[in-house]
file work-v3.txt (compact mmCIF, C-alpha atoms)
# COMPACT_ATOMS: atom_id res chain seq x y z
CA MET A 1037 38.28 23.54 -36.00
CA ASP A 1038 40.05 22.06 -38.95
CA VAL A 1039 38.17 19.04 -40.29
CA LYS A 1040 41.34 16.91 -40.45
CA ASP A 1041 42.17 17.71 -36.83
CA TYR A 1042 38.59 16.94 -35.88
CA ILE A 1043 38.77 13.55 -37.60
CA SER A 1044 42.07 12.62 -36.02
CA SER A 1045 41.07 13.78 -32.52
CA GLY A 1046 39.42 10.45 -31.69
CA VAL A 1047 36.01 11.98 -31.03
CA LEU A 1048 34.41 9.95 -33.84
CA GLU A 1049 35.74 6.73 -32.33
CA LEU A 1050 34.32 7.65 -28.94
CA TYR A 1051 31.03 8.55 -30.63
CA ALA A 1052 30.87 5.19 -32.39
CA MET A 1053 31.59 3.36 -29.14
CA GLY A 1054 28.84 5.30 -27.34
CA ALA A 1055 31.28 6.91 -24.88
CA LEU A 1056 30.37 10.56 -25.45
CA PRO A 1057 28.03 12.70 -23.32
CA ASP A 1058 24.84 13.92 -25.06
CA SER A 1059 26.16 17.43 -25.74
CA GLU A 1060 29.24 16.18 -27.60
CA ARG A 1061 27.16 13.58 -29.41
CA GLU A 1062 25.00 16.28 -30.93
CA GLU A 1063 28.10 18.13 -32.08
CA VAL A 1064 29.39 15.03 -33.89
CA GLU A 1065 26.02 14.62 -35.62
CA LYS A 1066 26.12 18.26 -36.74
CA MET A 1067 29.65 17.82 -38.06
CA CYS A 1068 28.59 14.68 -39.97
CA ALA A 1069 25.65 16.54 -41.48
CA SER A 1070 27.78 19.49 -42.60
CA HIS A 1071 31.02 17.72 -43.59
CA LYS A 1072 30.96 14.77 -45.94
CA GLU A 1073 34.51 13.72 -44.99
CA VAL A 1074 33.49 13.44 -41.32
CA ALA A 1075 30.47 11.30 -42.21
CA GLU A 1076 32.68 9.08 -44.41
CA GLU A 1077 35.23 8.71 -41.64
CA LEU A 1078 32.55 7.78 -39.11
CA LYS A 1079 31.28 5.13 -41.51
CA ARG A 1080 34.73 3.54 -41.65
CA VAL A 1081 35.18 3.72 -37.87
CA ARG A 1082 31.85 2.00 -37.46
CA ALA A 1083 32.80 -0.67 -39.94
CA ALA A 1084 35.94 -1.37 -37.94
CA LEU A 1085 33.91 -1.64 -34.76
CA ASP A 1086 31.42 -3.94 -36.48
CA GLY A 1087 34.38 -6.10 -37.42
CA TYR A 1088 35.62 -6.01 -33.85
CA ALA A 1089 32.18 -7.05 -32.62
CA SER A 1090 31.97 -9.82 -35.21
CA ALA A 1091 35.33 -11.14 -34.09
CA HIS A 1092 33.64 -12.19 -30.84
CA SER A 1093 30.95 -14.23 -32.60
CA ARG A 1094 29.64 -17.29 -30.82
CA ASN A 1095 26.78 -19.54 -31.77
CA PRO A 1096 23.93 -19.47 -29.27
CA ARG A 1097 22.31 -22.76 -28.20
CA PRO A 1098 20.23 -24.03 -31.17
CA GLY A 1099 17.04 -24.08 -29.06
CA VAL A 1100 17.13 -20.29 -28.60
CA ARG A 1101 15.98 -19.70 -32.17
CA SER A 1102 12.74 -21.65 -31.80
CA GLU A 1103 12.04 -20.17 -28.35
CA LEU A 1104 12.42 -16.70 -29.79
CA MET A 1105 10.27 -17.41 -32.84
CA ASP A 1106 7.55 -18.84 -30.57
CA LYS A 1107 7.55 -15.63 -28.54
CA ILE A 1108 7.32 -13.52 -31.67
CA LYS A 1109 4.50 -15.63 -33.15
CA THR A 1110 2.46 -15.68 -29.97
CA GLY A 1111 2.87 -11.93 -29.60
CA LYS A 1112 4.58 -12.16 -26.24
CA GLY A 1113 7.41 -10.11 -27.62
CA LYS A 1114 5.36 -6.93 -27.54
CA VAL A 1115 5.93 -6.60 -23.81
CA VAL A 1116 9.49 -5.33 -24.24
CA LYS A 1117 8.70 -2.31 -26.38
CA PHE A 1118 10.42 0.36 -24.31
CA GLY A 1119 13.39 0.13 -22.01
CA SER A 1120 14.51 -3.06 -20.37
CA PRO A 1121 11.85 -5.33 -18.92
CA TYR A 1122 13.11 -4.55 -15.43
CA GLU A 1123 12.75 -0.83 -15.92
CA LEU A 1124 9.22 -1.56 -17.08
CA THR A 1125 8.54 -3.74 -14.05
CA TYR A 1126 9.66 -0.91 -11.75
CA LYS A 1127 7.45 1.55 -13.60
CA TYR A 1128 4.49 -0.77 -13.13
CA LEU A 1129 5.41 -1.30 -9.50
CA ILE A 1130 5.66 2.43 -8.83
CA ALA A 1131 2.40 3.06 -10.70
CA ALA A 1132 0.74 0.31 -8.69
CA CYS A 1133 2.09 1.78 -5.44
CA ILE A 1134 0.81 5.27 -6.28
CA ALA A 1135 -2.55 3.87 -7.34
CA SER A 1136 -2.94 1.85 -4.17
CA LEU A 1137 -1.87 4.86 -2.09
CA ILE A 1138 -4.58 7.02 -3.69
CA ILE A 1139 -7.17 4.28 -3.30
CA SER A 1140 -6.28 3.66 0.33
CA THR A 1141 -6.34 7.40 1.09
CA PHE A 1142 -9.86 7.67 -0.32
CA ALA A 1143 -10.84 4.48 1.47
CA SER A 1144 -9.49 5.90 4.74
CA VAL A 1145 -11.53 9.09 4.39
CA PHE A 1146 -14.62 7.10 3.40
CA PHE A 1147 -14.30 4.63 6.28
CA TYR A 1148 -13.48 7.42 8.75
CA GLN A 1149 -16.75 9.14 7.84
CA LYS A 1150 -18.63 5.85 8.15
CA TRP A 1151 -16.98 5.22 11.49
CA SER A 1152 -17.86 8.72 12.78
CA GLU A 1153 -21.49 8.22 11.79
CA ALA A 1154 -21.57 4.82 13.45
CA GLU A 1155 -19.93 6.25 16.58
CA ASP A 1156 -22.56 9.04 16.79
CA ARG A 1157 -25.39 6.57 16.37
CA TYR A 1158 -23.84 4.29 18.93
CA VAL A 1159 -23.60 7.10 21.52
CA ALA A 1160 -27.23 8.06 20.84
CA ILE A 1161 -28.36 4.47 21.26
CA VAL A 1162 -26.40 4.07 24.52
CA ASN A 1163 -28.02 7.25 25.91
CA GLU A 1164 -31.45 6.06 24.86
CA ARG A 1165 -30.81 2.72 26.49
CA ASN A 1166 -29.79 4.41 29.78
CA VAL A 1167 -33.00 6.44 29.83
CA MET A 1168 -35.01 3.30 29.16
CA THR A 1169 -33.22 1.41 31.93
CA GLN A 1170 -34.03 4.22 34.38
CA ASN A 1171 -37.66 4.21 33.28
CA LEU A 1172 -37.84 0.47 33.59
CA ASN A 1173 -36.33 0.55 37.10
CA MET A 1174 -38.84 3.19 38.13
CA VAL A 1175 -41.75 1.19 36.70
CA LYS A 1176 -40.40 -1.96 38.33
CA TYR A 1177 -40.12 -0.21 41.70
CA GLU A 1178 -43.65 1.09 41.48
CA TYR A 1179 -44.90 -2.26 40.25
CA ASP A 1180 -43.27 -4.04 43.21
CA LYS A 1181 -44.74 -1.52 45.64
CA ILE A 1182 -48.22 -1.78 44.17
CA ASN A 1183 -47.96 -5.55 44.01
CA HIS A 1184 -47.02 -5.57 47.67
CA ASP A 1185 -49.89 -3.26 48.57
CA ILE A 1186 -52.32 -5.47 46.69
CA SER A 1187 -51.00 -8.60 48.40
CA VAL A 1188 -51.58 -6.88 51.75
CA ILE A 1189 -55.16 -5.94 50.86
CA ARG A 1190 -55.96 -9.34 49.32
CA ASN A 1191 -54.86 -11.21 52.43
CA PRO A 1192 -58.06 -12.80 53.92
CA ALA A 1193 -56.76 -11.97 57.44
CA ILE A 1194 -56.92 -8.24 56.63
CA THR A 1195 -59.68 -6.05 57.96
CA THR A 1196 -60.19 -2.77 56.09
CA ILE A 1197 -61.32 0.23 58.11
CA THR A 1198 -62.34 3.48 56.40
CA LEU A 1199 -61.42 6.75 58.18
CA LYS A 1200 -63.37 9.89 57.34
CA ALA A 1201 -63.08 13.58 58.26
CA ALA A 1202 -63.86 14.38 61.90
CA ASP A 1203 -65.17 17.74 60.66
CA SER A 1204 -68.15 16.70 58.57
CA THR A 1205 -67.75 19.71 56.27
CA LYS A 1206 -64.48 18.24 54.92
CA TYR A 1207 -63.96 15.27 52.60
CA TYR A 1208 -60.74 13.87 54.06
CA MET A 1209 -60.33 10.12 53.77
CA ALA A 1210 -57.93 7.25 54.54
CA HIS A 1211 -57.98 3.48 54.92
CA VAL A 1212 -56.36 1.34 57.63
CA TYR A 1213 -55.50 -2.28 56.84
CA TRP A 1214 -55.11 -4.46 59.90
CA ASN A 1215 -54.02 -8.11 59.99
CA ARG A 1216 -55.77 -9.83 62.84
CA TYR A 1217 -53.16 -12.63 63.03
CA THR A 1218 -49.89 -10.79 62.62
CA LYS A 1219 -51.29 -7.48 63.93
CA GLN A 1220 -49.46 -5.66 61.16
CA THR A 1221 -51.08 -2.33 60.38
CA PHE A 1222 -50.93 -0.19 57.21
CA ILE A 1223 -52.40 3.20 56.39
CA ASP A 1224 -53.27 4.48 52.91
CA ILE A 1225 -54.14 8.19 52.64
CA SER A 1226 -56.70 9.14 50.01
CA ASP A 1227 -57.09 12.82 50.89
CA LEU A 1228 -55.52 14.95 53.63
CA PRO A 1229 -54.11 18.49 53.52
CA MET A 1230 -50.28 18.82 53.58
CA PRO A 1231 -49.12 19.62 57.14
CA ALA A 1232 -46.73 22.48 58.09
CA ALA A 1233 -43.03 21.63 58.09
CA ASP A 1234 -42.89 21.16 61.89
CA LYS A 1235 -46.06 19.02 62.02
CA GLN A 1236 -46.81 15.38 61.29
CA TYR A 1237 -49.94 13.23 61.24
CA GLN A 1238 -50.18 10.46 63.84
CA LEU A 1239 -52.46 7.38 63.90
CA TRP A 1240 -54.19 6.35 67.11
CA ALA A 1241 -55.94 3.10 68.05
CA MET A 1242 -58.61 3.31 70.76
CA VAL A 1243 -58.30 0.10 72.77
CA GLU A 1244 -60.74 -0.21 75.67
CA GLY A 1245 -61.30 3.57 75.61
CA GLN A 1246 -57.57 4.37 75.78
CA PRO A 1247 -55.71 5.97 72.82
CA ILE A 1248 -52.69 3.80 71.79
CA ASP A 1249 -49.97 5.34 69.60
CA ALA A 1250 -49.94 3.59 66.20
CA GLY A 1251 -47.12 5.74 64.80
CA VAL A 1252 -46.55 8.76 62.56
CA PHE A 1253 -46.61 8.57 58.76
CA GLU A 1254 -45.45 10.52 55.75
CA MET A 1255 -47.47 12.58 53.32
CA GLY A 1256 -46.98 13.05 49.62
CA THR A 1257 -48.24 11.77 46.28
CA ASP A 1258 -45.94 8.74 46.18
CA ALA A 1259 -46.21 7.88 49.86
CA GLY A 1260 -48.74 5.10 49.05
CA MET A 1261 -49.54 2.42 51.58
CA GLN A 1262 -47.39 2.85 54.69
CA LYS A 1263 -46.63 0.39 57.43
CA VAL A 1264 -47.18 1.76 60.94
CA LYS A 1265 -46.85 0.21 64.41
CA GLN A 1266 -48.47 -3.14 65.28
CA VAL A 1267 -51.71 -2.69 67.16
CA MET A 1268 -53.50 -5.40 69.20
CA ASN A 1269 -57.18 -4.72 68.65
CA ALA A 1270 -58.83 -1.34 68.18
CA GLU A 1271 -62.44 -0.29 68.49
CA VAL A 1272 -61.86 3.09 66.87
CA TRP A 1273 -59.04 4.52 64.72
CA ALA A 1274 -58.17 8.23 64.57
CA VAL A 1275 -55.60 10.56 62.99
CA THR A 1276 -54.46 13.78 64.68
CA LEU A 1277 -51.93 16.45 63.67
CA GLU A 1278 -49.01 16.50 66.13
CA PRO A 1279 -45.57 18.13 66.30
CA THR A 1280 -42.98 16.28 64.16
CA GLY A 1281 -42.06 12.92 65.73
CA GLY A 1282 -45.49 12.48 67.35
CA SER A 1283 -46.88 12.96 70.85
CA GLY A 1284 -47.54 10.67 73.84
CA SER A 1285 -51.24 11.47 73.83
CA PRO A 1286 -53.46 12.78 71.01
CA SER A 1287 -54.33 16.48 70.72
CA MET A 1288 -58.07 15.98 70.48
CA ASP A 1289 -58.67 19.44 69.02
CA GLN A 1290 -56.38 18.52 66.14
CA MET A 1291 -58.32 15.37 65.08
CA TYR A 1292 -58.59 15.13 61.29
CA LEU A 1293 -59.83 11.58 60.70
CA ILE A 1294 -61.90 9.08 62.68
CA SER A 1295 -63.43 5.68 61.93
CA LYS A 1296 -67.11 5.10 62.50
CA SER A 1297 -67.17 1.86 64.40
CA MET B 199 10.63 -7.23 -45.01
CA ILE B 200 10.86 -7.17 -41.26
CA SER B 201 9.24 -3.81 -41.03
CA GLU B 202 6.12 -5.53 -42.33
CA ARG B 203 6.36 -7.81 -39.35
CA ASN B 204 7.11 -10.78 -41.45
CA THR B 205 8.32 -13.51 -39.14
CA GLU B 206 10.22 -15.13 -41.98
CA GLY B 207 12.30 -11.98 -42.25
CA MET B 208 12.99 -12.25 -38.56
CA GLU B 209 14.26 -15.79 -39.05
CA ILE B 210 16.66 -14.61 -41.75
CA LEU B 211 17.84 -11.79 -39.50
CA TYR B 212 18.37 -14.26 -36.68
CA ASP B 213 20.31 -16.66 -38.87
CA ASN B 214 22.58 -13.88 -40.09
CA TYR B 215 23.24 -12.00 -36.87
CA SER B 216 22.54 -14.20 -33.86
CA SER B 217 26.12 -15.43 -33.50
CA ALA B 218 27.58 -11.92 -33.76
CA LEU B 219 25.04 -10.54 -31.25
CA TYR B 220 25.38 -13.51 -28.92
CA GLY B 221 29.16 -13.04 -29.04
CA VAL B 222 28.88 -9.38 -28.08
CA ILE B 223 26.30 -10.06 -25.37
CA ASN B 224 28.22 -12.96 -23.92
CA ARG B 225 31.42 -10.93 -24.00
CA ILE B 226 29.68 -8.36 -21.78
CA ILE B 227 27.59 -10.64 -19.58
CA GLN B 228 29.93 -13.66 -19.33
CA ASN B 229 27.10 -16.03 -18.45
CA ASP B 230 25.61 -18.26 -21.16
CA GLU B 231 22.15 -18.52 -19.65
CA ILE B 232 21.62 -14.81 -19.02
CA ALA B 233 23.25 -13.99 -22.36
CA GLU B 234 20.66 -16.20 -24.09
CA ASP B 235 17.86 -14.29 -22.36
CA VAL B 236 19.34 -10.96 -23.38
CA LEU B 237 19.80 -12.24 -26.94
CA GLN B 238 16.09 -13.04 -27.09
CA GLU B 239 15.18 -9.68 -25.57
CA THR B 240 17.42 -7.99 -28.12
CA PHE B 241 15.69 -9.68 -31.05
CA LEU B 242 12.29 -8.88 -29.57
CA LYS B 243 13.34 -5.24 -29.28
CA ILE B 244 14.52 -5.25 -32.88
CA TRP B 245 11.20 -6.87 -33.86
CA ASN B 246 9.15 -4.26 -32.02
CA ASN B 247 11.22 -1.20 -32.93
CA PHE B 248 12.22 -2.01 -36.45
CA SER B 249 10.47 1.07 -37.77
CA GLN B 250 13.04 3.20 -35.92
CA TYR B 251 15.88 1.89 -38.04
CA ASP B 252 17.02 4.58 -40.47
CA ALA B 253 19.04 3.07 -43.30
CA GLY B 254 20.38 6.53 -44.13
CA LYS B 255 22.15 6.80 -40.78
CA GLY B 256 24.16 3.63 -40.92
CA ARG B 257 24.36 -0.05 -41.55
CA LEU B 258 21.76 -2.40 -40.12
CA PHE B 259 24.51 -4.40 -38.42
CA THR B 260 25.78 -1.29 -36.57
CA TRP B 261 22.24 -0.56 -35.40
CA ILE B 262 21.50 -4.02 -34.04
CA VAL B 263 24.94 -4.47 -32.48
CA ASN B 264 24.35 -1.25 -30.56
CA ILE B 265 20.94 -2.49 -29.38
CA ALA B 266 22.48 -5.76 -28.18
CA ARG B 267 25.39 -3.92 -26.56
CA ASN B 268 23.14 -1.48 -24.72
CA MET B 269 20.79 -4.18 -23.49
CA ALA B 270 23.67 -6.29 -22.24
CA ILE B 271 25.28 -3.30 -20.47
CA ASP B 272 21.91 -2.39 -18.90
CA LYS B 273 21.60 -5.97 -17.74
CA VAL B 274 25.06 -6.02 -16.19
CA ARG B 275 24.28 -2.78 -14.37
CA SER B 276 20.90 -3.99 -13.11
CA LYS B 277 20.57 -4.75 -9.41
CA GLU B 278 19.31 -8.24 -10.11
CA PHE B 279 22.44 -9.02 -12.10
CA SER B 280 24.96 -7.57 -9.67
CA GLN B 281 23.44 -9.64 -6.87
CA ASN B 282 24.00 -12.85 -8.80
CA GLN B 283 27.39 -12.05 -10.26
CA LYS B 284 29.26 -10.35 -7.46
CA ASN B 285 32.67 -11.78 -8.28
CA HIS B 286 32.44 -11.47 -11.99
CA SER B 287 32.35 -7.84 -13.06
CA LEU B 288 33.29 -6.97 -16.60
CA SER B 289 35.93 -4.45 -15.66
CA GLU B 290 37.95 -7.26 -14.11
CA SER B 291 37.53 -9.60 -17.00
CA VAL B 292 38.18 -7.04 -19.70
CA SER B 293 40.90 -8.17 -22.09
CA SER B 294 40.58 -11.76 -21.00
CA VAL B 295 38.67 -12.96 -24.03
CA ASP B 296 39.23 -16.51 -25.07
CA PHE B 297 38.78 -16.60 -28.80
CA ASN B 298 39.04 -20.37 -29.06
CA SER B 299 36.48 -21.84 -26.69
CA HIS B 300 32.87 -22.06 -27.92
CA ALA B 301 33.86 -19.96 -30.92
CA ALA B 302 31.63 -19.94 -33.92
CA TYR B 303 33.55 -21.66 -36.67
CA ASN B 304 32.34 -19.30 -39.26
CA PRO B 305 34.94 -18.88 -42.01
CA GLU B 306 34.07 -15.19 -42.35
CA THR B 307 35.05 -14.43 -38.77
CA ILE B 308 38.19 -16.53 -38.49
CA GLY B 309 40.29 -13.81 -40.09
CA LEU B 310 38.72 -11.16 -37.86
CA LYS B 311 39.47 -13.09 -34.72
CA GLU B 312 43.04 -13.50 -35.81
CA MET B 313 43.45 -9.75 -36.31
CA VAL B 314 41.81 -8.86 -33.00
CA ARG B 315 44.09 -11.34 -31.31
CA LYS B 316 47.09 -9.56 -32.81
CA LEU B 317 45.91 -6.18 -31.52
CA GLU B 318 48.05 -4.72 -28.74
CA PRO B 319 46.56 -5.40 -25.26
CA GLU B 320 46.25 -1.67 -24.43
CA TYR B 321 44.24 -1.15 -27.63
CA ARG B 322 41.96 -4.06 -26.89
CA GLN B 323 41.57 -2.84 -23.35
CA ILE B 324 40.40 0.65 -24.37
CA ILE B 325 37.88 -0.72 -26.91
CA ASP B 326 36.60 -3.30 -24.42
CA LEU B 327 36.09 -0.71 -21.71
CA LEU B 328 34.31 1.82 -23.90
CA PHE B 329 32.49 -0.40 -26.36
CA PHE B 330 31.64 -3.46 -24.26
CA GLY B 331 31.94 -2.01 -20.77
CA GLY B 332 29.77 1.00 -21.49
CA TYR B 333 32.31 3.27 -19.79
CA THR B 334 32.22 6.97 -20.60
CA GLN B 335 35.49 8.53 -21.64
CA ILE B 336 35.86 10.06 -18.17
CA GLU B 337 35.20 6.74 -16.42
CA ALA B 338 37.69 5.03 -18.72
CA ALA B 339 40.33 7.69 -17.97
CA GLU B 340 39.84 7.12 -14.24
CA LYS B 341 39.83 3.36 -14.61
CA LEU B 342 43.07 3.29 -16.61
CA ASN B 343 44.59 6.21 -14.75
CA ILE B 344 45.40 8.11 -17.94
CA PRO B 345 44.50 11.67 -19.05
CA LEU B 346 41.21 12.23 -20.83
CA GLY B 347 43.05 13.22 -24.03
CA THR B 348 44.89 9.90 -24.03
CA VAL B 349 41.56 8.04 -24.01
CA LYS B 350 40.70 9.84 -27.23
CA THR B 351 44.06 9.36 -28.96
CA ARG B 352 44.34 5.75 -27.87
CA SER B 353 40.82 5.01 -29.12
CA ARG B 354 41.70 6.59 -32.42
CA ALA B 355 44.93 4.62 -32.65
CA ALA B 356 43.25 1.32 -31.72
CA LEU B 357 40.56 1.65 -34.34
CA MET B 358 43.00 2.91 -36.98
CA LYS B 359 45.09 -0.21 -36.38
CA LEU B 360 42.02 -2.41 -36.82
CA ARG B 361 40.95 -0.56 -39.93
CA VAL B 362 44.35 -0.82 -41.55
CA GLN B 363 44.37 -4.56 -40.98
CA PHE B 364 40.78 -5.10 -42.02
CA GLU B 365 41.17 -2.96 -45.11
CA LYS B 366 44.44 -4.61 -46.04
CA GLU B 367 42.79 -8.02 -45.92
CA SER B 368 39.71 -6.47 -47.55
CA ILE B 369 37.53 -8.24 -45.01
CA LEU B 370 35.22 -5.31 -44.66

call {"tool": "encode", "arguments": {"input": "work-v3.txt", "output": "C-alpha cells"}}
result
Amino acid sequence: MDVKDYISSGVLELYAMGALPDSEREEVEKMCASHKEVAEELKRVRAALDGYASAHSRNPRPGVRSELMDKIKTGKGKVVKFGSPYELTYKYLIAACIASLIISTFASVFFYQKWSEAEDRYVAIVNERNVMTQNLNMVKYEYDKINHDISVIRNPAITTITLKAADSTKYYMAHVYWNRYTKQTFIDISDLPMPAADKQYQLWAMVEGQPIDAGVFEMGTDAGMQKVKQVMNAEVWAVTLEPTGGSGSPSMDQMYLISKS
Amino acid sequence: MISERNTEGMEILYDNYSSALYGVINRIIQNDEIAEDVLQETFLKIWNNFSQYDAGKGRLFTWIVNIARNMAIDKVRSKEFSQNQKNHSLSESVSSVDFNSHAAYNPETIGLKEMVRKLEPEYRQIIDLLFFGGYTQIEAAEKLNIPLGTVKTRSRAALMKLRVQFEKESIL
C-alpha cells in the first residue's frame, strides 16, 4: 500500500484513539517502525488528541492531592499494580474459592475416614454390649435361682432329708426339703442316671404306710432345686422311675432312691 | 525522577497533569466522586508502573492520558459502576460536554477549549465515542449507523481539523 494512502486512510487516528483490534494495531506499529513518515504522522495525530484531551481539563478537589500523596508515602499504592482493583478482587475471590474447595474436599475425605472408623468401633462396642447384657441376664437369673434355693434351705422351718440309692451298690443321691408349716416340698438331685425319653422320676411320701404321690420332676444339669407337690407328713421318702407323667402307685421294682428314717 | 520513586517527582507530575487527567476521567465517568477515586488510582498506577514508560515511543502526556482513559473506561464498564449509574451511560451523554462549568481556568487550555467548541458536532461525536467511550471502530459504526469506512475517514477528518487549528494557533 502506498504510504500516503495509508496515512490518509484514518487507521493512524483509530490507532491513537485505541479503537483498533490487536491484529491491526501490530500492523500500524510495523508501519511506524519501517516508515519514518508514518511515525511522524502518528506523532502529530497524538499531539492533536492530547490537545483534545487537555481541552477537557478540570481541577480536581484540592484535597485529592494530599490523599494521593499519603497513599503513595504509606505504600498503600502498591496494591493496584496490575489491572483494576476490581479485577484483582475477583482474582483473589476466585483463588480463595478454589483454595477453600480443595481444602474442604480434603477435609471431607479426612472426616469421612474418621467417621467410618468411629462407625466401625461403635458397631463393635454395641455388639460387645449386647453379649455382656445377655451374660449379665444369665448370671442374674442363676443368681436369683440360687438365692431362692438358699432362702428355702436357710428357713428354720425346713427339714432336710437325704435320699440314697435303694441298690446299695450305686451312689445315687438327692435331698428333699420340707417346710413343716407351709408343707411346701422341694427336691434337689445330686446324682441320678438320665431316664429314657418315655420315662420320668416320681417322688413318693410314705404316710402311715401308704405311698402318697409327691409329683414328678425334671432331670438335667440346670434343673436345680425343684418344687414338687405339698405333702402333709412323711415317715419315708422314695423316688421311682415311672412312665412320663407319673403313675397312681409306685412301681416298687423301679425304686432308685429311699430315705433312711 | 519518578522512576527512582521520588515522591517529589510525583507531586510535580500531579501538579502538571491532574487537571488534564481529571478532565478526561470526569468526561468519561460523569461523577465527581468516582472520578476522584479513578484519578487517584490512575496516579498510583503511574507510580507503580513508571518503569514501563518508553520515552522513545511517545510523549509522557500521551502515555498517562491513555492510562487514565483506560482506567475510566474500565470503571464505567464494571458491574459495580453500571449498577449505580443506570441512567447515565456515556453513549447517551456523548457530545454534551459543558466547557464552562467547573472548568479549569488555565490560560493554556482556554484556546484549546475554544477550538474544540468550534469543532463540528459529528467530529466531536466520533472522537468522543472512540477516544472517551472506548468504542471499537465496529461498535462506533453500529452506534452511528454508518459504514466502517466512514468511521475511518471521519476520524481522520476530525483530527485533521483539530490539527490544522492547533497548528495554526501554534498551541501544540

call {"tool": "interface_residues", "arguments": {"input": "work-v3.txt", "of": "chain A", "to": "chain B", "cutoff": "8 Å", "atoms": "all atoms listed in the file", "output": "PyMOL selection string"}}
result
chain A and resi 1044-1047+1049-1050+1053-1057+1079-1097+1100-1101+1104-1105+1108-1109+1113-1114+1116-1117+1120

call {"tool": "closest_residue", "arguments": {"input": "work-v3.txt", "among": "A:Ala1274, A:Leu1078, A:Asn1191, A:Ser1070", "to": "Ala1052 in chain A", "atoms": "all atoms listed in the file"}}
result
A:Leu1078

call {"tool": "atom_distance", "arguments": {"input": "work-v3.txt", "atom1": "CA of Glu1278 in chain A", "atom2": "CA of Tyr1213 in chain A"}}
result
21.9 Å

call {"tool": "atom_distance", "arguments": {"input": "work-v3.txt", "atom1": "CA of Ala1075 in chain A", "atom2": "CA of Asp252 in chain B"}}
result
15.1 Å

call {"tool": "atom_distance", "arguments": {"input": "work-v3.txt", "atom1": "CA of Tyr251 in chain B", "atom2": "CA of Val1064 in chain A"}}
result
19.3 Å

call {"tool": "residues_around", "arguments": {"input": "work-v3.txt", "residues": "range 1292-1297 of chain A", "least_positions_apart": "4", "cutoff": "9 Å", "atoms": "only C-alpha atoms", "output": "PDB file with C-alpha atoms, in the coordinates of the input"}}
result
ATOM      1  CA  ILE A1197     -61.320   0.230  58.110  1.00  0.00           C
ATOM      2  CA  THR A1198     -62.340   3.480  56.400  1.00  0.00           C
ATOM      3  CA  LEU A1199     -61.420   6.750  58.180  1.00  0.00           C
ATOM      4  CA  LYS A1200     -63.370   9.890  57.340  1.00  0.00           C
ATOM      5  CA  ALA A1201     -63.080  13.580  58.260  1.00  0.00           C
ATOM      6  CA  ALA A1202     -63.860  14.380  61.900  1.00  0.00           C
ATOM      7  CA  ASP A1203     -65.170  17.740  60.660  1.00  0.00           C
ATOM      8  CA  TYR A1208     -60.740  13.870  54.060  1.00  0.00           C
ATOM      9  CA  MET A1209     -60.330  10.120  53.770  1.00  0.00           C
ATOM     10  CA  ALA A1210     -57.930   7.250  54.540  1.00  0.00           C
ATOM     11  CA  LEU A1228     -55.520  14.950  53.630  1.00  0.00           C
ATOM     12  CA  TYR A1237     -49.940  13.230  61.240  1.00  0.00           C
ATOM     13  CA  GLU A1271     -62.440  -0.290  68.490  1.00  0.00           C
ATOM     14  CA  VAL A1272     -61.860   3.090  66.870  1.00  0.00           C
ATOM     15  CA  TRP A1273     -59.040   4.520  64.720  1.00  0.00           C
ATOM     16  CA  ALA A1274     -58.170   8.230  64.570  1.00  0.00           C
ATOM     17  CA  VAL A1275     -55.600  10.560  62.990  1.00  0.00           C
ATOM     18  CA  THR A1276     -54.460  13.780  64.680  1.00  0.00           C
ATOM     19  CA  LEU A1277     -51.930  16.450  63.670  1.00  0.00           C
TER      20      LEU A1277
END

call {"tool": "closest_residue", "arguments": {"input": "work-v3.txt", "among": "A:Gln1266, A:Thr1169, A:Asn1163, A:Thr1280", "to": "Val1252 in chain A", "atoms": "all atoms listed in the file"}}
result
A:Thr1280
